[in-house]
>>> print(open('work-v9.cif').read())   # mmCIF, C-alpha atoms and all ligand atoms
data_final
#
loop_
_atom_site.label_atom_id
_atom_site.label_comp_id
_atom_site.auth_asym_id
_atom_site.auth_seq_id
_atom_site.Cartn_x
_atom_site.Cartn_y
_atom_site.Cartn_z
CA MET O 61 64.12 76.06 36.48
CA HIS O 62 62.93 78.93 34.28
CA ALA O 63 63.81 82.62 34.56
CA PHE O 64 61.52 85.37 33.25
CA PRO O 65 62.21 89.08 32.70
CA GLN O 66 60.06 90.09 35.70
CA GLY O 67 62.82 88.90 38.01
CA ASN O 68 61.12 85.77 39.26
CA THR O 69 62.41 82.24 38.96
CA TRP O 70 59.75 79.63 38.20
CA HIS O 71 60.34 76.03 39.29
CA ILE O 72 57.88 73.69 37.56
CA HIS O 73 57.72 70.10 38.80
CA PRO O 74 55.81 67.19 37.25
CA ASP O 75 53.55 66.40 40.23
CA PRO O 76 52.67 67.61 43.74
CA ALA O 77 54.88 64.99 45.45
CA THR O 78 58.01 66.09 43.55
CA LEU O 79 57.08 69.72 44.16
CA ALA O 80 56.79 69.13 47.92
CA GLN O 81 60.08 67.24 48.05
CA ARG O 82 62.05 69.87 46.09
CA LEU O 83 60.52 72.74 48.03
CA THR O 84 61.40 71.05 51.32
CA VAL O 85 65.00 70.63 50.20
CA ALA O 86 65.11 74.34 49.28
CA ILE O 87 63.68 75.39 52.66
CA ALA O 88 66.23 73.21 54.45
CA ARG O 89 69.03 74.74 52.35
CA SER O 90 67.86 78.25 53.22
CA ALA O 91 67.77 77.30 56.92
CA ARG O 92 71.29 75.82 56.86
CA GLU O 93 72.69 78.96 55.20
CA ALA O 94 70.94 81.35 57.60
CA ILE O 95 72.00 79.38 60.67
CA ALA O 96 75.60 79.08 59.44
CA THR O 97 75.92 82.81 58.69
CA ARG O 98 73.58 84.50 61.18
CA GLY O 99 72.94 81.87 63.85
CA GLY O 100 69.17 81.70 63.35
CA PHE O 101 66.50 81.07 60.72
CA HIS O 102 63.50 83.41 60.74
CA LEU O 103 60.82 81.81 58.58
CA VAL O 104 57.36 83.07 57.67
CA VAL O 105 55.03 80.20 56.82
CA ALA O 106 52.11 80.05 54.40
CA GLY O 107 48.76 78.65 55.45
CA GLY O 108 46.12 76.83 53.42
CA GLY O 109 46.23 73.36 51.92
CA THR O 110 49.08 73.53 49.40
CA PRO O 111 52.13 73.63 51.73
CA GLN O 112 51.00 70.74 53.96
CA ALA O 113 52.89 68.03 52.05
CA ALA O 114 56.13 70.02 52.29
CA TYR O 115 55.62 70.74 56.02
CA ALA O 116 55.11 67.01 56.60
CA LEU O 117 58.52 66.32 55.01
CA LEU O 118 60.40 68.99 56.96
CA PRO O 119 61.07 66.85 60.07
CA GLN O 120 63.19 64.59 57.81
CA TRP O 121 65.04 67.35 55.97
CA GLY O 122 65.47 70.14 58.52
CA GLY O 123 67.80 70.29 61.51
CA ASP O 124 69.22 72.61 64.17
CA TRP O 125 65.62 73.17 65.25
CA GLN O 126 66.65 75.26 68.26
CA CYS O 127 67.70 77.98 65.75
CA TRP O 128 64.35 78.19 63.93
CA HIS O 129 61.92 81.07 64.54
CA ILE O 130 58.46 80.68 63.03
CA TYR O 131 56.01 83.45 62.06
CA HIS O 132 52.78 83.32 60.06
CA GLY O 133 52.06 85.31 56.92
CA ASP O 134 48.38 85.26 57.84
CA GLU O 135 45.76 83.70 60.07
CA ARG O 136 42.01 83.24 60.03
CA CYS O 137 40.01 84.66 62.97
CA LEU O 138 38.64 81.40 64.33
CA PRO O 139 39.08 79.54 67.65
CA PRO O 140 42.55 77.95 68.02
CA GLU O 141 41.07 74.44 67.79
CA ASP O 142 39.16 75.14 64.54
CA ALA O 143 40.35 72.86 61.72
CA GLU O 144 40.61 75.90 59.41
CA ARG O 145 43.22 77.63 61.58
CA ASN O 146 46.61 77.84 59.88
CA SER O 147 48.31 77.43 63.29
CA LEU O 148 46.55 74.09 63.92
CA MET O 149 47.49 72.78 60.46
CA LEU O 150 51.10 73.75 61.08
CA GLU O 151 51.21 72.12 64.52
CA LYS O 152 49.69 68.88 63.21
CA THR O 153 51.78 68.53 60.06
CA TRP O 154 55.14 69.72 61.34
CA LEU O 155 55.68 71.67 64.56
CA SER O 156 54.52 68.93 66.96
CA LYS O 157 57.22 66.66 65.48
CA VAL O 158 60.30 68.86 65.94
CA PRO O 159 61.92 70.50 69.00
CA ILE O 160 61.61 74.18 68.03
CA PRO O 161 61.47 76.07 71.37
CA ALA O 162 57.89 77.21 72.03
CA ARG O 163 59.02 80.80 72.62
CA GLN O 164 60.26 80.86 69.00
CA ILE O 165 56.93 79.84 67.51
CA HIS O 166 54.85 82.95 66.93
CA HIS O 167 51.23 82.08 66.16
CA ILE O 168 48.87 84.96 65.43
CA PRO O 169 46.34 85.30 68.30
CA ALA O 170 43.53 85.61 65.75
CA GLU O 171 40.91 84.26 68.18
CA ARG O 172 41.07 87.73 69.78
CA GLY O 173 39.55 89.33 66.67
CA ALA O 174 41.30 90.82 63.66
CA GLU O 175 42.07 94.28 65.03
CA ALA O 176 43.44 93.25 68.44
CA ALA O 177 45.38 90.35 66.93
CA ALA O 178 46.93 92.52 64.21
CA ARG O 179 48.02 95.04 66.85
CA ASP O 180 49.52 92.32 69.08
CA TYR O 181 51.24 90.48 66.29
CA ALA O 182 53.07 93.59 65.08
CA THR O 183 55.00 93.47 68.38
CA ALA O 184 55.98 89.79 67.88
CA LEU O 185 57.79 90.45 64.61
CA PRO O 186 61.56 90.95 64.46
CA ALA O 187 63.00 94.37 63.60
CA HIS O 188 65.37 92.72 61.11
CA ALA O 189 64.55 91.08 57.76
CA PHE O 190 63.11 87.58 57.65
CA ASP O 191 65.34 84.91 56.12
CA LEU O 192 62.59 83.25 54.09
CA VAL O 193 58.93 84.05 53.46
CA LEU O 194 56.71 81.24 52.14
CA LEU O 195 53.50 82.31 50.43
CA GLY O 196 50.58 80.64 48.69
CA VAL O 197 48.57 81.86 45.71
CA GLY O 198 44.77 81.85 45.98
CA GLU O 199 42.56 81.17 42.98
CA ASP O 200 41.76 84.90 42.87
CA GLY O 201 45.47 85.81 43.11
CA HIS O 202 45.43 86.59 46.84
CA THR O 203 48.49 85.86 48.90
CA ALA O 204 48.67 85.55 52.69
CA SER O 205 45.36 87.35 53.42
CA LEU O 206 45.97 90.20 50.96
CA PHE O 207 42.97 90.08 48.63
CA PRO O 208 42.25 91.86 45.32
CA GLY O 209 40.56 95.22 45.83
CA HIS O 210 42.07 95.87 49.28
CA ASP O 211 44.99 97.97 50.49
CA TRP O 212 47.96 95.60 50.72
CA GLY O 213 50.26 97.95 52.63
CA MET O 214 52.98 97.92 49.99
CA GLU O 215 54.58 101.23 50.94
CA LYS O 216 57.54 101.19 53.30
CA GLY O 217 56.29 102.60 56.56
CA SER O 218 52.87 100.92 56.24
CA PRO O 219 51.89 98.95 59.36
CA ALA O 220 53.54 95.50 59.45
CA THR O 221 50.19 93.79 60.05
CA ILE O 222 46.72 94.36 58.61
CA ALA O 223 43.31 93.50 60.10
CA ILE O 224 40.98 92.22 57.39
CA LEU O 225 37.26 92.37 58.15
CA ASP O 226 35.72 91.42 54.80
CA ALA O 227 37.92 88.85 53.05
CA ALA O 228 36.51 87.37 49.85
CA LYS O 229 37.29 83.85 51.17
CA ALA O 230 35.91 82.50 54.47
CA PRO O 231 36.34 83.42 57.18
CA PRO O 232 35.93 87.14 56.46
CA GLN O 233 38.01 88.22 59.48
CA ARG O 234 41.71 87.60 59.10
CA VAL O 235 45.11 89.01 60.02
CA SER O 236 47.85 89.37 57.44
CA LEU O 237 51.37 90.67 57.30
CA SER O 238 51.40 93.67 54.96
CA GLY O 239 53.00 93.61 51.53
CA TRP O 240 56.09 95.57 52.55
CA ARG O 241 56.70 93.45 55.68
CA LEU O 242 56.43 90.26 53.63
CA ARG O 243 58.94 91.71 51.18
CA TYR O 244 61.40 92.59 53.95
CA THR O 245 63.09 89.22 53.59
CA ARG O 246 66.23 87.70 52.13
CA GLU O 247 64.30 85.09 50.15
CA MET O 248 60.67 84.65 49.11
CA PHE O 249 59.10 81.41 47.83
CA PHE O 250 55.58 81.11 46.39
CA LEU O 251 53.91 77.75 46.17
CA ALA O 252 50.95 76.71 44.01
CA ALA O 253 49.60 73.36 42.85
CA GLY O 254 46.64 72.17 40.81
CA SER O 255 44.75 73.46 37.79
CA GLY O 256 42.61 75.79 39.95
CA LYS O 257 45.63 78.09 40.29
CA ARG O 258 46.24 78.36 36.54
CA PRO O 259 44.11 81.48 35.84
CA ALA O 260 45.82 83.44 38.65
CA LEU O 261 49.26 82.39 37.45
CA ALA O 262 48.36 83.28 33.84
CA ALA O 263 47.30 86.74 35.05
CA TRP O 264 50.58 87.06 36.97
CA LEU O 265 52.56 86.21 33.80
CA ARG O 266 50.50 88.77 31.82
CA GLY O 267 51.67 91.38 34.31
CA GLU O 268 48.35 91.97 36.09
CA ALA O 269 48.61 93.60 39.50
CA LEU O 270 47.25 90.77 41.61
CA PRO O 271 48.33 90.71 45.27
CA ALA O 272 50.67 87.71 44.68
CA ALA O 273 52.31 89.34 41.66
CA THR O 274 52.66 92.70 43.39
CA VAL O 275 54.27 91.21 46.50
CA GLY O 276 56.36 88.68 44.55
CA THR O 277 58.49 90.72 42.19
CA THR O 278 61.79 88.91 42.90
CA ALA O 279 60.65 85.56 44.18
CA ASP O 280 61.08 81.86 43.48
CA ILE O 281 57.76 80.37 42.40
CA TRP O 282 57.31 76.64 42.95
CA LEU O 283 54.57 74.93 40.92
CA ASP O 284 53.41 71.56 39.80
CA ALA O 285 52.74 71.06 36.09
CA ALA O 286 48.95 71.28 36.59
CA ALA O 287 49.25 74.84 37.90
CA TRP O 288 51.48 76.06 35.07
CA PRO O 289 49.32 77.99 32.57
CA GLY O 290 50.51 76.67 29.21
CA THR O 291 53.36 74.83 27.59
CA PRO O 292 56.39 74.69 29.86
CA PRO O 293 59.03 77.17 28.63
CA ALA O 294 62.46 75.96 27.55
CA PRO O 295 64.87 75.68 30.50
CA VAL O 296 67.47 78.48 30.70
O1 LIG D 1 43.29 81.40 52.88
C1 LIG D 1 44.44 81.21 52.54
O2 LIG D 1 44.72 80.95 51.24
C2 LIG D 1 46.03 80.95 50.70
C3 LIG D 1 46.05 79.88 49.59
O3 LIG D 1 45.71 78.63 50.19
P1 LIG D 1 45.64 77.26 49.39
O4 LIG D 1 44.78 76.35 50.27
O5 LIG D 1 44.97 77.54 48.08
O6 LIG D 1 47.02 76.76 49.24
C4 LIG D 1 47.09 80.67 51.75
O7 LIG D 1 48.37 80.90 51.23
C5 LIG D 1 46.83 81.54 52.99
O8 LIG D 1 47.86 81.36 53.95
C6 LIG D 1 45.51 81.09 53.55
O9 LIG D 1 45.16 81.65 54.79
#
>>> encode(input="work-v9.cif", output="structure tokens")
Amino acid sequence: MHAFPQGNTWHIHPDPATLAQRLTVAIARSAREAIATRGGFHLVVAGGGTPQAAYALLPQWGGDWQCWHIYHGDERCLPPEDAERNSLMLEKTWLSKVPIPARQIHHIPAERGAEAAARDYATALPAHAFDLVLLGVGEDGHTASLFPGHDWGMEKGSPATIAILDAAKAPPQRVSLSGWRLRYTREMFFLAAGSGKRPALAAWLRGEALPAATVGTTADIWLDAAAWPGTPPAPV
């Protein structure tokens, strides 16, 4: 584990399998603490390819599934059965294998189009803070569906959800939680693996205002060694 002055804690693991295993243990720990102290675990999940190995391990490591409440950080505006939907990936890798009550699984109705879905989803979100927000890091530094060059809704009082009509990564129409709503959480974990993520992480460490770096100012960042941009720092 490595701490840096920016307030983030970087966890660098030798390979993707170790990364997935350690991240899963950390998610399960966060769930146990939230359920023990507040009776429920309100988790925002990341989409994309990177978290799939950790989601596949969660059925083994998690528990008290009736206390879990699942939200998405973002969704792609595609039919629900499209292989690129984050909701389908989540169902296949994890949710279909555990007894979380269906009413506590909040998929984004992105098939309705970005604007209608963003409006609807704002009403599905809790008024209180999330317990844990999981986020990915795109090769261009995007997180959730907050892309460079867009308004990320960082100010308190911004809408909780954003309709994106021209994302730099396909599909162009997406729905994302805004920066401030993602930050309204007790814990925030970023996850990145593979050498393709190195330039974005190097820019983050240089202090560039990428979406991931701007949202993740006091976050735990979980990486494999291939994603780390340089010589691993000395442990603190
Ligand atoms: O499009 C998206 O990209 C990011 C990063 O995905 P990855 O496949 O590079 O891990 C992801 O976090 C986001 O949820 C997703 O919709």
>>> residues_around(input="work-v9.cif", residues="Val275 (chain O)", least_positions_apart="6", cutoff="8 Å", atoms="all atoms listed in the file", output="ChimeraX atom specification")
/O:214,239-240,242-243
>>> closest_atom_pairs(input="work-v9.cif", of="chain O", to="ligand LIG 1 (chain D)", cutoff="9 Å", atoms="only C-alpha atoms and all ligand atoms", output="Markdown table")
| residue | atom | partner | partner_atom | distance |
| --- | --- | --- | --- | --- |
| O:Val105 | CA | D:LIG1 | O8 | 7.8 |
| O:Ala106 | CA | D:LIG1 | O8 | 4.5 |
| O:Gly107 | CA | D:LIG1 | O8 | 3.2 |
| O:Gly108 | CA | D:LIG1 | O4 | 3.5 |
| O:Gly109 | CA | D:LIG1 | O4 | 3.7 |
| O:Thr110 | CA | D:LIG1 | O6 | 3.8 |
| O:Pro111 | CA | D:LIG1 | O6 | 6.5 |
| O:Gln112 | CA | D:LIG1 | O6 | 8.6 |
| O:His132 | CA | D:LIG1 | O8 | 8.1 |
| O:Gly133 | CA | D:LIG1 | O8 | 6.5 |
| O:Asp134 | CA | D:LIG1 | O8 | 5.5 |
| O:Glu135 | CA | D:LIG1 | O9 | 5.7 |
| O:Arg136 | CA | D:LIG1 | O9 | 6.3 |
| O:Glu144 | CA | D:LIG1 | O9 | 8.7 |
| O:Arg145 | CA | D:LIG1 | O9 | 8.1 |
| O:Asn146 | CA | D:LIG1 | O9 | 6.5 |
| O:Leu194 | CA | D:LIG1 | O7 | 8.4 |
| O:Leu195 | CA | D:LIG1 | O7 | 5.4 |
| O:Gly196 | CA | D:LIG1 | O7 | 3.4 |
| O:Val197 | CA | D:LIG1 | C3 | 5.0 |
| O:Gly198 | CA | D:LIG1 | C3 | 4.3 |
| O:Glu199 | CA | D:LIG1 | O5 | 6.7 |
| O:Gly201 | CA | D:LIG1 | C3 | 8.8 |
| O:His202 | CA | D:LIG1 | C2 | 6.9 |
| O:Thr203 | CA | D:LIG1 | O7 | 5.5 |
| O:Ala204 | CA | D:LIG1 | C5 | 4.4 |
| O:Ser205 | CA | D:LIG1 | O9 | 5.9 |
| O:Leu206 | CA | D:LIG1 | C5 | 8.9 |
| O:Lys229 | CA | D:LIG1 | O1 | 6.7 |
| O:Ala230 | CA | D:LIG1 | O1 | 7.6 |
| O:Pro231 | CA | D:LIG1 | O1 | 8.4 |
| O:Arg234 | CA | D:LIG1 | O9 | 8.1 |
| O:Ser236 | CA | D:LIG1 | O9 | 8.6 |
| O:Phe250 | CA | D:LIG1 | O7 | 8.7 |
| O:Leu251 | CA | D:LIG1 | O6 | 7.6 |
| O:Ala252 | CA | D:LIG1 | O6 | 6.5 |
| O:Ala253 | CA | D:LIG1 | O6 | 7.7 |
| O:Gly256 | CA | D:LIG1 | O5 | 8.6 |
| O:Lys257 | CA | D:LIG1 | O5 | 7.8 |
>>> atom_distance(input="work-v9.cif", atom1="CA of Ala77 (chain O)", atom2="CA of Gly122 (chain O)")
17.6 Å
>>> residues_near_point(input="work-v9.cif", point="(42.8, 100.3, 51.6)", cutoff="12 Å", atoms="all atoms listed in the file", output="list in words")
Leu206, Phe207, Pro208, Gly209, His210, Asp211, Trp212, Gly213, Met214, Glu215, Ser218, Ile222, Ala223, Ile224, Leu225, Asp226 and Ser238 of chain O
>>> atom_distance(input="work-v9.cif", atom1="CA of His129 (chain O)", atom2="CA of His188 (chain O)")
12.6 Å
>>> atom_distance(input="work-v9.cif", atom1="CA of Gln81 (chain O)", atom2="CA of Trp282 (chain O)")
11.0 Å
>>> closest_residue(input="work-v9.cif", among="O:Arg241, O:Arg163, O:Lys152, O:Arg258", to="Asp200 (chain O)", atoms="all atoms listed in the file")
O:Arg258
>>> residues_near_point(input="work-v9.cif", point="(61.8, 79.7, 72.7)", cutoff="12 Å", atoms="all atoms listed in the file", output="PyMOL selection string")
chain O and resi 125-130+159-166
>>> axis_aligned_box(input="work-v9.cif", around="region 138-156 of chain O", padding_each_side="8 Å", output="AutoDock Vina command-line options")
--center_x 47.2 --center_y 75.0 --center_z 63.7 --size_x 33.0 --size_y 28.9 --size_z 24.6
>>> closest_residue(input="work-v9.cif", among="O:Ala176, O:Ala116, O:Ala262, O:Ala170", to="Leu150 (chain O)", atoms="only C-alpha atoms")
O:Ala116
>>> closest_residue(input="work-v9.cif", among="O:Ala272, O:Leu103, O:Ile87, O:Ile72", to="Leu192 (chain O)", atoms="all atoms listed in the file")
O:Leu103
>>> residues_around(input="work-v9.cif", residues="Ala285 (chain O)", least_positions_apart="2", cutoff="12 Å", atoms="all atoms listed in the file", output="PDB file with C-alpha atoms, in the frame of the given file")
ATOM      1  CA  TRP O  70      59.750  79.630  38.200  1.00  0.00           C
ATOM      2  CA  HIS O  71      60.340  76.030  39.290  1.00  0.00           C
ATOM      3  CA  ILE O  72      57.880  73.690  37.560  1.00  0.00           C
ATOM      4  CA  HIS O  73      57.720  70.100  38.800  1.00  0.00           C
ATOM      5  CA  PRO O  74      55.810  67.190  37.250  1.00  0.00           C
ATOM      6  CA  ASP O  75      53.550  66.400  40.230  1.00  0.00           C
ATOM      7  CA  PRO O  76      52.670  67.610  43.740  1.00  0.00           C
ATOM      8  CA  ALA O  77      54.880  64.990  45.450  1.00  0.00           C
ATOM      9  CA  THR O  78      58.010  66.090  43.550  1.00  0.00           C
ATOM     10  CA  LEU O  79      57.080  69.720  44.160  1.00  0.00           C
ATOM     11  CA  ALA O 252      50.950  76.710  44.010  1.00  0.00           C
ATOM     12  CA  ALA O 253      49.600  73.360  42.850  1.00  0.00           C
ATOM     13  CA  GLY O 254      46.640  72.170  40.810  1.00  0.00           C
ATOM     14  CA  SER O 255      44.750  73.460  37.790  1.00  0.00           C
ATOM     15  CA  GLY O 256      42.610  75.790  39.950  1.00  0.00           C
ATOM     16  CA  LYS O 257      45.630  78.090  40.290  1.00  0.00           C
ATOM     17  CA  ARG O 258      46.240  78.360  36.540  1.00  0.00           C
ATOM     18  CA  LEU O 261      49.260  82.390  37.450  1.00  0.00           C
ATOM     19  CA  TRP O 282      57.310  76.640  42.950  1.00  0.00           C
ATOM     20  CA  LEU O 283      54.570  74.930  40.920  1.00  0.00           C
ATOM     21  CA  ALA O 287      49.250  74.840  37.900  1.00  0.00           C
ATOM     22  CA  TRP O 288      51.480  76.060  35.070  1.00  0.00           C
ATOM     23  CA  PRO O 289      49.320  77.990  32.570  1.00  0.00           C
ATOM     24  CA  GLY O 290      50.510  76.670  29.210  1.00  0.00           C
ATOM     25  CA  THR O 291      53.360  74.830  27.590  1.00  0.00           C
ATOM     26  CA  PRO O 292      56.390  74.690  29.860  1.00  0.00           C
ATOM     27  CA  PRO O 293      59.030  77.170  28.630  1.00  0.00           C
TER      28      PRO O 293
END
>>> closest_residue(input="work-v9.cif", among="O:Val158, O:Leu138, O:Met149, O:Ala143", to="Pro119 (chain O)", atoms="only C-alpha atoms")
O:Val158
>>> closest_residue(input="work-v9.cif", among="O:Ala228, O:Val104, O:Ala263, O:Leu155", to="Leu185 (chain O)", atoms="all atoms listed in the file")
O:Val104
>>> closest_residue(input="work-v9.cif", among="O:Leu117, O:Val193, O:Ile281, O:Leu265", to="Thr245 (chain O)", atoms="all atoms listed in the file")
O:Val193
>>> residues_around(input="work-v9.cif", residues="Thr84 (chain O)", least_positions_apart="4", cutoff="8 Å", atoms="all atoms listed in the file", output="mmCIF file with C-alpha atoms, keeping the file's coordinate frame")
data_model
loop_
_atom_site.group_PDB
_atom_site.id
_atom_site.type_symbol
_atom_site.label_atom_id
_atom_site.label_comp_id
_atom_site.auth_asym_id
_atom_site.auth_seq_id
_atom_site.Cartn_x
_atom_site.Cartn_y
_atom_site.Cartn_z
ATOM 1 C CA ALA O 80 56.790 69.130 47.920
ATOM 2 C CA ALA O 88 66.230 73.210 54.450
ATOM 3 C CA ALA O 114 56.130 70.020 52.290
ATOM 4 C CA TYR O 115 55.620 70.740 56.020
ATOM 5 C CA LEU O 117 58.520 66.320 55.010
ATOM 6 C CA LEU O 118 60.400 68.990 56.960
ATOM 7 C CA TRP O 121 65.040 67.350 55.970
#
